[in-house]
$ cat coords_30.cif   # mmCIF, C-alpha atoms (C1' of nucleotides)
data_protein
#
loop_
_atom_site.label_atom_id
_atom_site.label_comp_id
_atom_site.auth_asym_id
_atom_site.auth_seq_id
_atom_site.Cartn_x
_atom_site.Cartn_y
_atom_site.Cartn_z
CA MET A 1 -72.08 63.62 -53.56
CA ARG A 2 -75.00 62.23 -55.46
CA ALA A 3 -75.86 58.59 -54.95
CA ASP A 4 -75.29 57.57 -58.58
CA ALA A 5 -71.96 59.33 -58.59
CA ARG A 6 -70.74 57.37 -55.61
CA ARG A 7 -71.98 54.16 -57.16
CA ASN A 8 -70.13 54.96 -60.36
CA ARG A 9 -66.95 55.71 -58.54
CA GLU A 10 -67.03 52.31 -56.97
CA ARG A 11 -67.86 50.54 -60.19
CA ILE A 12 -64.99 52.30 -61.93
CA LEU A 13 -62.51 51.37 -59.28
CA LYS A 14 -63.66 47.78 -59.36
CA ALA A 15 -63.48 47.67 -63.16
CA ALA A 16 -60.04 49.26 -63.06
CA ARG A 17 -58.77 46.61 -60.73
CA GLN A 18 -60.10 43.89 -62.98
CA VAL A 19 -58.62 45.36 -66.11
CA PHE A 20 -55.28 46.09 -64.47
CA ALA A 21 -55.27 42.58 -63.02
CA GLU A 22 -55.63 41.18 -66.51
CA GLU A 23 -53.56 43.59 -68.57
CA GLY A 24 -50.97 44.80 -66.13
CA ALA A 25 -49.39 48.18 -66.69
CA ALA A 26 -50.67 48.24 -70.28
CA ALA A 27 -54.28 48.67 -69.13
CA GLN A 28 -56.09 51.48 -70.93
CA MET A 29 -58.68 53.96 -69.78
CA GLU A 30 -61.44 53.37 -72.33
CA PRO A 31 -61.78 49.63 -71.66
CA ILE A 32 -61.95 50.39 -67.96
CA ALA A 33 -64.78 52.84 -68.53
CA ARG A 34 -66.55 50.37 -70.79
CA ARG A 35 -66.29 47.57 -68.25
CA ALA A 36 -67.62 49.89 -65.57
CA GLY A 37 -70.53 50.71 -67.84
CA VAL A 38 -69.79 54.46 -67.99
CA GLY A 39 -68.21 56.85 -70.48
CA VAL A 40 -64.63 58.00 -70.21
CA GLY A 41 -65.93 61.42 -69.19
CA THR A 42 -67.35 59.94 -66.03
CA LEU A 43 -64.17 58.06 -65.36
CA TYR A 44 -62.19 61.29 -65.62
CA ARG A 45 -64.56 63.20 -63.37
CA ASN A 46 -63.84 60.69 -60.61
CA PHE A 47 -60.16 60.26 -61.32
CA PRO A 48 -58.75 63.30 -63.08
CA THR A 49 -55.78 61.38 -64.30
CA ARG A 50 -54.59 57.91 -65.02
CA ARG A 51 -52.08 58.28 -62.22
CA ALA A 52 -54.85 59.31 -59.87
CA LEU A 53 -56.76 56.16 -60.71
CA ILE A 54 -53.66 54.09 -60.11
CA GLY A 55 -53.14 55.93 -56.85
CA ALA A 56 -56.63 54.97 -55.72
CA MET A 57 -55.98 51.36 -56.57
CA ARG A 58 -52.72 51.49 -54.72
CA ALA A 59 -54.55 52.67 -51.62
CA GLU A 60 -56.76 49.60 -51.79
CA TRP A 61 -53.90 47.29 -52.46
CA THR A 62 -51.96 48.68 -49.55
CA ALA A 63 -54.91 48.28 -47.24
CA GLU A 64 -55.31 44.68 -48.30
CA ARG A 65 -51.66 43.94 -47.82
CA ALA A 66 -51.85 45.51 -44.39
CA ALA A 67 -54.76 43.22 -43.60
CA ASN A 68 -52.74 40.22 -44.74
CA LEU A 69 -49.94 41.36 -42.52
CA GLU A 70 -52.27 41.58 -39.56
CA GLN A 71 -53.39 38.02 -40.13
CA ALA A 72 -49.83 36.83 -40.42
CA LEU A 73 -48.88 38.65 -37.23
CA ALA A 74 -51.57 36.73 -35.38
CA THR A 75 -49.51 33.57 -35.52
CA ALA A 76 -47.07 33.29 -32.66
CA ASP A 77 -44.11 31.79 -34.48
CA PRO A 78 -42.18 34.57 -36.23
CA TRP A 79 -40.94 32.40 -39.05
CA VAL A 80 -44.35 30.91 -39.76
CA ALA A 81 -45.72 34.45 -39.84
CA ILE A 82 -43.25 35.40 -42.56
CA THR A 83 -43.97 32.23 -44.47
CA GLU A 84 -47.67 32.92 -44.40
CA TYR A 85 -47.32 36.47 -45.52
CA VAL A 86 -45.03 35.62 -48.39
CA HIS A 87 -47.41 32.91 -49.51
CA ARG A 88 -50.41 35.14 -49.36
CA SER A 89 -48.62 37.86 -51.30
CA ALA A 90 -47.29 35.48 -53.91
CA GLU A 91 -50.69 34.02 -54.47
CA ALA A 92 -52.29 37.45 -54.76
CA MET A 93 -49.62 38.54 -57.22
CA SER A 94 -50.12 35.41 -59.27
CA ARG A 95 -53.73 36.44 -59.74
CA ASP A 96 -53.19 40.15 -60.30
CA ALA A 97 -50.79 41.58 -62.87
CA GLY A 98 -51.45 45.08 -61.53
CA LEU A 99 -50.06 44.07 -58.19
CA ARG A 100 -46.93 42.80 -59.87
CA GLU A 101 -46.37 45.52 -62.44
CA VAL A 102 -47.88 48.81 -61.44
CA PHE A 103 -47.88 48.70 -57.69
CA PRO A 104 -44.10 48.72 -57.34
CA ASP A 105 -43.53 51.48 -59.88
CA LEU A 106 -45.47 54.40 -58.48
CA PRO A 107 -44.03 56.02 -55.36
CA ALA A 108 -46.13 55.73 -52.24
CA LYS A 109 -46.64 59.51 -52.37
CA GLU A 110 -49.96 59.56 -54.16
CA THR A 111 -51.95 57.50 -51.72
CA THR A 112 -53.69 57.78 -48.39
CA PRO A 113 -50.74 58.08 -46.05
CA GLU A 114 -52.52 56.24 -43.23
CA ALA A 115 -52.82 52.95 -45.09
CA GLU A 116 -49.23 53.31 -46.16
CA ALA A 117 -48.06 54.00 -42.61
CA GLU A 118 -50.07 51.14 -41.16
CA PHE A 119 -48.56 48.77 -43.65
CA ARG A 120 -45.05 49.94 -42.92
CA ASP A 121 -45.52 49.65 -39.19
CA ARG A 122 -46.84 46.14 -39.32
CA LEU A 123 -44.15 45.05 -41.68
CA SER A 124 -41.47 46.35 -39.40
CA VAL A 125 -43.01 44.40 -36.52
CA LEU A 126 -42.96 41.24 -38.62
CA ILE A 127 -39.31 41.78 -39.44
CA ARG A 128 -38.25 42.75 -35.95
CA ARG A 129 -39.86 39.71 -34.40
CA ALA A 130 -38.11 37.44 -36.83
CA HIS A 131 -34.77 39.08 -36.14
CA ASP A 132 -35.29 38.80 -32.39
CA ALA A 133 -35.94 35.11 -32.82
CA GLY A 134 -32.87 34.86 -35.01
CA VAL A 135 -34.70 33.15 -37.84
CA LEU A 136 -34.28 35.84 -40.48
CA ARG A 137 -31.02 36.56 -42.25
CA PRO A 138 -29.72 39.55 -40.26
CA GLU A 139 -28.93 41.82 -43.22
CA VAL A 140 -32.56 41.82 -44.29
CA SER A 141 -34.34 45.09 -43.51
CA ALA A 142 -37.95 45.90 -44.27
CA GLU A 143 -36.76 47.65 -47.44
CA THR A 144 -34.75 44.64 -48.55
CA TYR A 145 -37.76 42.49 -47.87
CA ASN A 146 -40.02 44.70 -49.97
CA GLY A 147 -37.51 44.74 -52.76
CA MET A 148 -37.39 40.98 -52.79
CA MET A 149 -41.17 40.85 -52.92
CA VAL A 150 -41.09 43.01 -56.02
CA GLY A 151 -38.60 40.55 -57.43
CA LEU A 152 -40.93 37.71 -56.58
CA GLY A 153 -43.66 39.42 -58.58
CA ALA A 154 -41.38 39.82 -61.56
CA ALA A 155 -40.37 36.17 -61.39
CA ILE A 156 -44.05 35.21 -61.42
CA THR A 157 -44.66 37.46 -64.42
CA ALA A 158 -41.75 35.75 -66.13
CA GLY A 159 -43.62 32.49 -65.79
CA THR A 160 -42.20 30.92 -62.66
CA ASP A 161 -44.67 28.96 -60.57
CA TRP A 162 -45.58 31.14 -57.63
CA ARG A 163 -45.31 28.41 -55.06
CA LEU A 164 -41.84 27.45 -56.14
CA ALA A 165 -40.69 31.06 -56.36
CA ALA A 166 -42.05 31.75 -52.89
CA GLU A 167 -40.34 28.69 -51.50
CA ILE A 168 -37.02 29.69 -52.99
CA LEU A 169 -37.31 33.21 -51.66
CA LEU A 170 -38.22 32.00 -48.19
CA ALA A 171 -35.31 29.59 -48.12
CA GLY A 172 -33.01 32.43 -49.09
CA LEU A 173 -34.40 34.75 -46.46
CA ARG A 174 -34.01 32.32 -43.59
CA ALA A 175 -31.03 32.80 -41.31
CA THR A 176 -28.22 30.46 -42.26
CA ASP A 177 -27.82 29.22 -38.72
CA PRO A 178 -31.09 29.60 -36.86
CA LEU A 179 -29.42 28.06 -33.82
CA SER A 180 -27.70 30.92 -32.03
CA PRO A 181 -30.40 32.80 -30.06
CA ALA A 182 -33.18 31.07 -28.14
CA ALA A 183 -34.96 30.39 -31.37
CA ARG A 184 -37.86 28.12 -31.96
CA THR A 185 -37.07 26.35 -35.19
CA ARG A 186 -39.58 25.80 -38.05
CA MET B 1 -22.01 49.09 -97.18
CA ARG B 2 -20.21 52.40 -97.07
CA ALA B 3 -17.56 52.85 -94.43
CA ASP B 4 -19.31 55.77 -92.73
CA ALA B 5 -22.55 53.79 -92.67
CA ARG B 6 -20.95 50.91 -90.81
CA ARG B 7 -19.30 53.32 -88.41
CA ASN B 8 -22.65 54.95 -87.73
CA ARG B 9 -24.34 51.64 -87.12
CA GLU B 10 -21.83 50.85 -84.43
CA ARG B 11 -22.07 54.25 -82.84
CA ILE B 12 -25.85 53.98 -82.75
CA LEU B 13 -25.80 50.58 -81.11
CA LYS B 14 -23.33 51.80 -78.54
CA ALA B 15 -25.37 54.90 -77.82
CA ALA B 16 -28.54 52.83 -77.57
CA ARG B 17 -26.98 50.59 -74.98
CA GLN B 18 -25.89 53.60 -72.95
CA VAL B 19 -29.28 55.26 -73.09
CA PHE B 20 -31.15 52.06 -72.33
CA ALA B 21 -28.75 51.36 -69.50
CA GLU B 22 -29.64 54.72 -67.99
CA GLU B 23 -33.32 55.04 -68.83
CA GLY B 24 -34.49 51.46 -68.96
CA ALA B 25 -37.53 50.63 -71.03
CA ALA B 26 -38.48 54.31 -71.25
CA ALA B 27 -35.51 55.11 -73.50
CA GLN B 28 -36.50 57.13 -76.55
CA MET B 29 -35.23 57.10 -80.10
CA GLU B 30 -34.30 60.74 -80.54
CA PRO B 31 -31.94 60.91 -77.53
CA ILE B 32 -30.25 57.78 -78.80
CA ALA B 33 -29.68 59.36 -82.19
CA ARG B 34 -28.43 62.53 -80.55
CA ARG B 35 -25.99 60.67 -78.35
CA ALA B 36 -24.73 58.76 -81.38
CA GLY B 37 -24.22 62.08 -83.17
CA VAL B 38 -26.61 61.28 -86.01
CA GLY B 39 -30.16 62.20 -87.00
CA VAL B 40 -33.10 59.93 -86.37
CA GLY B 41 -33.26 59.23 -90.10
CA THR B 42 -29.90 57.53 -89.92
CA LEU B 43 -30.94 55.61 -86.88
CA TYR B 44 -33.98 54.31 -88.73
CA ARG B 45 -31.99 53.36 -91.80
CA ASN B 46 -29.92 51.04 -89.66
CA PHE B 47 -32.72 49.81 -87.43
CA PRO B 48 -36.07 50.11 -89.16
CA THR B 49 -37.94 49.87 -85.89
CA ARG B 50 -37.51 50.37 -82.21
CA ARG B 51 -38.03 46.66 -81.73
CA ALA B 52 -35.32 45.96 -84.27
CA LEU B 53 -32.92 48.12 -82.30
CA ILE B 54 -33.84 46.32 -79.12
CA GLY B 55 -33.41 43.03 -80.94
CA ALA B 56 -29.87 44.01 -81.90
CA MET B 57 -29.11 44.94 -78.32
CA ARG B 58 -30.56 41.68 -77.15
CA ALA B 59 -28.24 39.81 -79.46
CA GLU B 60 -25.28 41.53 -77.82
CA TRP B 61 -26.59 40.98 -74.35
CA THR B 62 -27.19 37.32 -75.02
CA ALA B 63 -23.71 36.87 -76.41
CA GLU B 64 -22.25 38.51 -73.33
CA ARG B 65 -24.29 36.37 -71.01
CA ALA B 66 -23.20 33.30 -72.92
CA ALA B 67 -19.60 34.40 -72.45
CA ASN B 68 -20.20 34.81 -68.73
CA LEU B 69 -21.64 31.34 -68.66
CA GLU B 70 -18.61 29.94 -70.39
CA GLN B 71 -16.36 31.50 -67.79
CA ALA B 72 -18.50 30.13 -64.98
CA LEU B 73 -18.48 26.68 -66.54
CA ALA B 74 -14.70 26.71 -66.46
CA THR B 75 -14.70 26.25 -62.71
CA ALA B 76 -14.91 22.62 -61.69
CA ASP B 77 -17.23 22.93 -58.68
CA PRO B 78 -20.84 23.08 -59.91
CA TRP B 79 -22.07 25.21 -57.06
CA VAL B 80 -19.25 27.71 -57.33
CA ALA B 81 -20.03 27.96 -61.03
CA ILE B 82 -23.62 28.92 -60.28
CA THR B 83 -22.50 31.36 -57.64
CA GLU B 84 -20.14 33.02 -60.04
CA TYR B 85 -22.66 33.31 -62.78
CA VAL B 86 -25.34 34.77 -60.54
CA HIS B 87 -22.87 37.29 -59.21
CA ARG B 88 -21.71 38.33 -62.62
CA SER B 89 -25.29 38.71 -63.82
CA ALA B 90 -26.39 40.64 -60.77
CA GLU B 91 -23.53 43.02 -61.11
CA ALA B 92 -24.19 43.56 -64.80
CA MET B 93 -27.86 44.17 -64.08
CA SER B 94 -27.01 46.65 -61.36
CA ARG B 95 -25.19 48.69 -63.97
CA ASP B 96 -27.67 48.37 -66.79
CA ALA B 97 -31.37 49.11 -66.52
CA GLY B 98 -31.90 47.80 -70.03
CA LEU B 99 -30.71 44.40 -68.96
CA ARG B 100 -33.20 44.46 -66.11
CA GLU B 101 -36.21 45.96 -67.85
CA VAL B 102 -36.21 45.37 -71.55
CA PHE B 103 -34.23 42.19 -71.96
CA PRO B 104 -36.78 39.98 -70.19
CA ASP B 105 -39.80 41.43 -71.96
CA LEU B 106 -39.11 40.80 -75.61
CA PRO B 107 -39.33 37.19 -76.76
CA ALA B 108 -36.11 35.62 -77.95
CA LYS B 109 -37.55 35.43 -81.47
CA GLU B 110 -36.11 38.60 -82.89
CA THR B 111 -32.46 37.86 -82.39
CA THR B 112 -29.68 35.84 -83.93
CA PRO B 113 -30.79 32.32 -83.05
CA GLU B 114 -27.21 31.06 -82.68
CA ALA B 115 -26.38 33.28 -79.73
CA GLU B 116 -29.67 32.36 -78.15
CA ALA B 117 -29.09 28.65 -78.66
CA GLU B 118 -25.56 28.83 -77.36
CA PHE B 119 -26.76 30.55 -74.24
CA ARG B 120 -29.50 28.02 -73.66
CA ASP B 121 -27.18 25.11 -74.13
CA ARG B 122 -24.59 26.38 -71.72
CA LEU B 123 -27.19 27.23 -69.14
CA SER B 124 -28.63 23.75 -69.27
CA VAL B 125 -25.15 22.33 -68.73
CA LEU B 126 -24.70 24.56 -65.70
CA ILE B 127 -28.00 23.37 -64.28
CA ARG B 128 -27.49 19.71 -65.08
CA ARG B 129 -24.09 19.63 -63.47
CA ALA B 130 -25.47 21.15 -60.31
CA HIS B 131 -28.32 18.67 -60.21
CA ASP B 132 -25.95 15.77 -60.73
CA ALA B 133 -23.89 16.98 -57.80
CA GLY B 134 -27.07 17.37 -55.76
CA VAL B 135 -26.31 20.97 -54.80
CA LEU B 136 -29.24 22.61 -56.56
CA ARG B 137 -32.80 22.42 -55.32
CA PRO B 138 -34.22 19.64 -57.52
CA GLU B 139 -37.36 21.47 -58.67
CA VAL B 140 -35.27 24.19 -60.32
CA SER B 141 -35.21 23.92 -64.12
CA ALA B 142 -33.38 26.24 -66.48
CA GLU B 143 -36.68 28.12 -66.95
CA THR B 144 -37.18 28.51 -63.23
CA TYR B 145 -33.64 29.72 -62.96
CA ASN B 146 -34.14 32.31 -65.68
CA GLY B 147 -37.35 33.46 -64.08
CA MET B 148 -35.61 33.97 -60.79
CA MET B 149 -32.91 35.97 -62.52
CA VAL B 150 -35.57 38.27 -63.91
CA GLY B 151 -36.86 38.61 -60.38
CA LEU B 152 -33.37 39.44 -59.21
CA GLY B 153 -33.25 42.25 -61.74
CA ALA B 154 -36.56 43.63 -60.53
CA ALA B 155 -35.40 43.52 -56.94
CA ILE B 156 -32.32 45.50 -57.93
CA THR B 157 -34.48 48.04 -59.75
CA ALA B 158 -36.54 48.33 -56.58
CA GLY B 159 -33.43 49.44 -54.77
CA THR B 160 -32.13 46.28 -53.16
CA ASP B 161 -28.36 45.99 -52.98
CA TRP B 162 -27.31 43.59 -55.71
CA ARG B 163 -24.88 41.66 -53.57
CA LEU B 164 -27.44 41.01 -50.90
CA ALA B 165 -30.15 40.11 -53.38
CA ALA B 166 -27.81 37.70 -55.14
CA GLU B 167 -26.84 36.11 -51.85
CA ILE B 168 -30.45 35.58 -50.87
CA LEU B 169 -31.32 34.10 -54.22
CA LEU B 170 -28.36 31.74 -54.10
CA ALA B 171 -29.23 30.58 -50.62
CA GLY B 172 -32.75 29.87 -51.80
CA LEU B 173 -31.58 27.98 -54.85
CA ARG B 174 -29.27 25.68 -52.95
CA ALA B 175 -30.50 22.18 -52.22
CA THR B 176 -31.81 21.92 -48.67
CA ASP B 177 -29.77 18.88 -47.90
CA PRO B 178 -26.69 18.84 -50.11
CA LEU B 179 -25.59 15.67 -48.39
CA SER B 180 -27.35 12.81 -50.19
CA PRO B 181 -25.42 12.18 -53.42
CA ALA B 182 -21.67 12.09 -53.67
CA ALA B 183 -21.59 15.85 -53.51
CA ARG B 184 -18.67 18.11 -52.98
CA THR B 185 -19.97 20.74 -50.60
CA ARG B 186 -19.33 24.48 -50.96
"C1'" DG C 1 -11.72 66.24 -110.09
"C1'" DA C 2 -16.19 64.88 -111.54
"C1'" DC C 3 -19.91 61.75 -111.10
"C1'" DT C 4 -23.39 59.25 -108.68
"C1'" DA C 5 -25.38 55.96 -105.67
"C1'" DA C 6 -25.71 55.81 -100.95
"C1'" DC C 7 -26.11 58.07 -96.91
"C1'" DT C 8 -27.42 61.99 -93.77
"C1'" DG C 9 -30.34 65.11 -90.71
"C1'" DG C 10 -34.29 66.74 -89.03
"C1'" DA C 11 -38.90 68.73 -90.22
"C1'" DA C 12 -43.24 66.75 -91.04
"C1'" DT C 13 -46.42 63.03 -90.41
"C1'" DC C 14 -48.64 59.33 -88.18
"C1'" DG C 15 -50.84 56.58 -84.58
"C1'" DG C 16 -52.60 55.52 -80.57
"C1'" DA C 17 -53.50 56.73 -76.02
"C1'" DT C 18 -54.98 60.26 -72.64
"C1'" DT C 19 -57.68 64.12 -71.53
"C1'" DT C 20 -61.10 67.89 -72.43
"C1'" DC C 21 -65.55 69.66 -73.45
"C1'" DC C 22 -70.27 70.29 -73.69
"C1'" DG C 23 -75.16 69.07 -74.95
"C1'" DA C 24 -78.17 65.59 -72.96
"C1'" DT C 25 -79.72 63.29 -68.94
"C1'" DT C 26 -80.57 62.28 -64.09
"C1'" DC C 27 -81.04 62.75 -59.27
"C1'" DC C 28 -82.97 65.19 -55.23
"C1'" DG C 29 -84.82 68.97 -52.23
"C1'" DC C 30 -88.91 71.49 -52.37
"C1'" DG D 1 -93.96 66.66 -60.24
"C1'" DC D 2 -90.67 70.65 -60.86
"C1'" DG D 3 -86.34 73.20 -61.30
"C1'" DG D 4 -81.85 73.14 -61.86
"C1'" DA D 5 -77.37 71.71 -60.17
"C1'" DA D 6 -74.74 67.70 -60.64
"C1'" DT D 7 -73.60 64.05 -63.43
"C1'" DC D 8 -73.34 61.51 -67.71
"C1'" DG D 9 -71.47 59.89 -72.38
"C1'" DG D 10 -68.67 59.94 -76.01
"C1'" DA D 11 -67.00 62.82 -79.97
"C1'" DA D 12 -63.29 65.73 -80.58
"C1'" DA D 13 -58.90 67.89 -79.22
"C1'" DT D 14 -54.45 67.14 -77.52
"C1'" DC D 15 -50.14 65.00 -76.55
"C1'" DC D 16 -46.16 62.59 -77.32
"C1'" DG D 17 -43.24 59.38 -79.08
"C1'" DA D 18 -42.25 56.44 -83.29
"C1'" DT D 19 -41.68 56.57 -88.09
"C1'" DT D 20 -41.42 58.57 -92.86
"C1'" DC D 21 -39.64 61.49 -96.40
"C1'" DC D 22 -36.73 64.11 -99.08
"C1'" DA D 23 -33.46 67.95 -100.22
"C1'" DG D 24 -28.72 68.21 -99.32
"C1'" DT D 25 -24.21 66.05 -98.52
"C1'" DT D 26 -20.53 62.60 -99.06
"C1'" DA D 27 -17.71 58.42 -99.87
"C1'" DG D 28 -15.93 55.79 -103.26
"C1'" DT D 29 -15.09 54.99 -108.39
"C1'" DC D 30 -13.42 56.29 -112.88
#

$ encode --input "coords_30.cif" --output "structure tokens"
Amino acid sequence: MRADARRNRERILKAARQVFAEEGAAAQMEPIARRAGVGVGTLYRNFPTRRALIGAMRAEWTAERAANLEQALATADPWVAITEYVHRSAEAMSRDAGLREVFPDLPAKETTPEAEAEFRDRLSVLIRRAHDAGVLRPEVSAETYNGMMVGLGAAITAGTDWRLAAEILLAGLRATDPLSPAARTR
Amino acid sequence: MRADARRNRERILKAARQVFAEEGAAAQMEPIARRAGVGVGTLYRNFPTRRALIGAMRAEWTAERAANLEQALATADPWVAITEYVHRSAEAMSRDAGLREVFPDLPAKETTPEAEAEFRDRLSVLIRRAHDAGVLRPEVSAETYNGMMVGLGAAITAGTDWRLAAEILLAGLRATDPLSPAARTR
DNA sequence: GACTAACTGGAATCGGATTTCCGATTCCGC
DNA sequence: GCGGAATCGGAAATCCGATTCCAGTTAGTC
């Protein structure tokens, strides 16, 4: 691949993320190309389809979320780990409409499976730990958790303050009686 | 207005609600006309624009939500009232993708203002009562509440069981220490 | 039962976004 | 520094759903 081509690919992806962050799902191709400083033809050579472009962004998003998860997992306390991750995600979503609107819609299919798998694995660790410590409402699976995060994004889009929304979600997720098992509280 | 025209208008609105309930925001005009048993021309005579059709649906939705609110307000306990209303809404949203996807998007402008006002008034009563009883997290305003309901809808769209999602939301909304004021608990 | 204003259906048009295409330009190995 | 394959840019084609238009039909009136 020629050097300028690679450079362009990166610029396009970066521009796409900016435009999607600002416009959400309504983002259009031509403005993305313009912001990247290339013609639409170039955009389409790199990403044959709008969906393909979105897929590429999703790969990046997933990788970043996986990184966030790793950070959160570094803290020993399982509940604090969840708190941190929810906060990080909420804040990221508050800044990026793409994350809120387009990420949840497209199936994980069209992405690099590794990033997707890594994310899933780490998330399930986060959840399992919390369950073992008895601090997470027992009915909450990784899927439930993800669904609620999508909901959090929608609430933010609807205008709710992200900190408040995150706090409410966390309170709802917490086990009603975190006493039973040998659980460290808070 | 001719009798058949009125009949058609009703059929169209009914069909539109069905199609939107099934397809969500992606619902198209032609299938709606087909389901109503009329041509698109007739559809457009009654609703000059897609937005106008959505506006008419929104008026109905709002009226129904206001009715739900009235029912909920009939119960004396402020927290039970909120519980009931959230449950009713979650269940309705689980059945109707339009309620989840298109209702939140369009501004309240293009509807019958009375229904909208009635809804708002009743909601603020629901919220105030709960605050007075000290059972609702104090930072939660009517707007916050609505935003979280939108989030609830998105979570349901994402595949979360509506009962579970509603339960989590309710737990999060509840005041952390419902002891302070002269509050009836539960 | 005949008249006509209103209403109907659906083919045609429109509009706006994505995607294709190709002459012009640019890198890079020699 | 040259040759030409790869890449570029953006005008034009395409797509697809919303909207318009009008010849034909009908409900309601006399």

$ closest_residue --input "coords_30.cif" --among "B:Met57, B:Ala66, B:Ala171, B:Ala52" --to "Arg88 of chain B" --atoms "all atoms listed in the file"
B:Ala66

$ resolve_selection --input "coords_30.cif" --expression "the PyMOL selection byres ((chain A) within 9 of (chain D))" --output "VMD selection string"
chain A and resid 1 to 2 4 to 5 38 to 42

$ atom_distance --input "coords_30.cif" --atom1 "atom CA of Val102 of chain B" --atom2 "atom CA of Ala97 of chain A"
17.4 Å

$ resolve_selection --input "coords_30.cif" --expression "the PyMOL selection byres ((chain B and resi 24-28) around 12)" --output "number ranges by chain"
B: 15-23, 29-35, 40, 43, 49-51, 53-54, 93-106, 153-154, 157; D: 16-18

$ write_last_selection --input "coords_30.cif" --atoms "C-alpha atoms (C1' of nucleotides)" --output "JSON list (two decimals), in the frame of the given file"
[["chain", "number", "residue", "atom", "x", "y", "z"],
["B", 15, "ALA", "CA", -25.37, 54.90, -77.82],
["B", 16, "ALA", "CA", -28.54, 52.83, -77.57],
["B", 17, "ARG", "CA", -26.98, 50.59, -74.98],
["B", 18, "GLN", "CA", -25.89, 53.60, -72.95],
["B", 19, "VAL", "CA", -29.28, 55.26, -73.09],
["B", 20, "PHE", "CA", -31.15, 52.06, -72.33],
["B", 21, "ALA", "CA", -28.75, 51.36, -69.50],
["B", 22, "GLU", "CA", -29.64, 54.72, -67.99],
["B", 23, "GLU", "CA", -33.32, 55.04, -68.83],
["B", 29, "MET", "CA", -35.23, 57.10, -80.10],
["B", 30, "GLU", "CA", -34.30, 60.74, -80.54],
["B", 31, "PRO", "CA", -31.94, 60.91, -77.53],
["B", 32, "ILE", "CA", -30.25, 57.78, -78.80],
["B", 33, "ALA", "CA", -29.68, 59.36, -82.19],
["B", 34, "ARG", "CA", -28.43, 62.53, -80.55],
["B", 35, "ARG", "CA", -25.99, 60.67, -78.35],
["B", 40, "VAL", "CA", -33.10, 59.93, -86.37],
["B", 43, "LEU", "CA", -30.94, 55.61, -86.88],
["B", 49, "THR", "CA", -37.94, 49.87, -85.89],
["B", 50, "ARG", "CA", -37.51, 50.37, -82.21],
["B", 51, "ARG", "CA", -38.03, 46.66, -81.73],
["B", 53, "LEU", "CA", -32.92, 48.12, -82.30],
["B", 54, "ILE", "CA", -33.84, 46.32, -79.12],
["B", 93, "MET", "CA", -27.86, 44.17, -64.08],
["B", 94, "SER", "CA", -27.01, 46.65, -61.36],
["B", 95, "ARG", "CA", -25.19, 48.69, -63.97],
["B", 96, "ASP", "CA", -27.67, 48.37, -66.79],
["B", 97, "ALA", "CA", -31.37, 49.11, -66.52],
["B", 98, "GLY", "CA", -31.90, 47.80, -70.03],
["B", 99, "LEU", "CA", -30.71, 44.40, -68.96],
["B", 100, "ARG", "CA", -33.20, 44.46, -66.11],
["B", 101, "GLU", "CA", -36.21, 45.96, -67.85],
["B", 102, "VAL", "CA", -36.21, 45.37, -71.55],
["B", 103, "PHE", "CA", -34.23, 42.19, -71.96],
["B", 104, "PRO", "CA", -36.78, 39.98, -70.19],
["B", 105, "ASP", "CA", -39.80, 41.43, -71.96],
["B", 106, "LEU", "CA", -39.11, 40.80, -75.61],
["B", 153, "GLY", "CA", -33.25, 42.25, -61.74],
["B", 154, "ALA", "CA", -36.56, 43.63, -60.53],
["B", 157, "THR", "CA", -34.48, 48.04, -59.75],
["D", 16, "DC", "C1'", -46.16, 62.59, -77.32],
["D", 17, "DG", "C1'", -43.24, 59.38, -79.08],
["D", 18, "DA", "C1'", -42.25, 56.44, -83.29]]

$ atom_distance --input "coords_30.cif" --atom1 "atom CA of Asn68 of chain B" --atom2 "atom CA of Thr160 of chain B"
22.7 Å

$ resolve_selection --input "coords_30.cif" --expression "the PyMOL selection byres ((chain B) within 8 of (chain A))" --output "VMD selection string"
chain B and resid 104 139 143 to 144 147 to 156 158 to 161 164 to 165 167 to 173

$ closest_residue --input "coords_30.cif" --among "B:Arg45, B:Arg129, B:Arg65, B:Ile12" --to "chain C" --atoms "only C-alpha atoms (C1' of nucleotides)"
B:Arg45

$ atom_distance --input "coords_30.cif" --atom1 "atom CA of Asp177 of chain A" --atom2 "atom CA of Leu73 of chain B"
29.5 Å

$ closest_residue --input "coords_30.cif" --among "C:DG9, C:DG23, C:DG15, C:DG1" --to "chain B" --atoms "all atoms listed in the file"
C:DG9

$ closest_atom_pairs --input "coords_30.cif" --of "chain C" --to "chain A" --cutoff "9 Å" --atoms "all atoms listed in the file" --output "JSON lines"
{"residue": "C:DA17", "atom": "C1'", "partner": "A:Gln28", "partner_atom": "CA", "distance": 7.8}
{"residue": "C:DT18", "atom": "C1'", "partner": "A:Met29", "partner_atom": "CA", "distance": 7.8}
{"residue": "C:DT19", "atom": "C1'", "partner": "A:Tyr44", "partner_atom": "CA", "distance": 8.0}
{"residue": "C:DT20", "atom": "C1'", "partner": "A:Gly41", "partner_atom": "CA", "distance": 8.7}
{"residue": "C:DT26", "atom": "C1'", "partner": "A:Asp4", "partner_atom": "CA", "distance": 9.0}
{"residue": "C:DC27", "atom": "C1'", "partner": "A:Arg2", "partner_atom": "CA", "distance": 7.2}
{"residue": "C:DC28", "atom": "C1'", "partner": "A:Arg2", "partner_atom": "CA", "distance": 8.5}

$ write_last_selection --input "coords_30.cif" --atoms "C-alpha atoms (C1' of nucleotides)" --output "compact mmCIF listing (two decimals), in the coordinates of the input"
# COMPACT_ATOMS: atom_id res chain seq x y z
C1' DA C 17 -53.50 56.73 -76.02
C1' DT C 18 -54.98 60.26 -72.64
C1' DT C 19 -57.68 64.12 -71.53
C1' DT C 20 -61.10 67.89 -72.43
C1' DT C 26 -80.57 62.28 -64.09
C1' DC C 27 -81.04 62.75 -59.27
C1' DC C 28 -82.97 65.19 -55.23
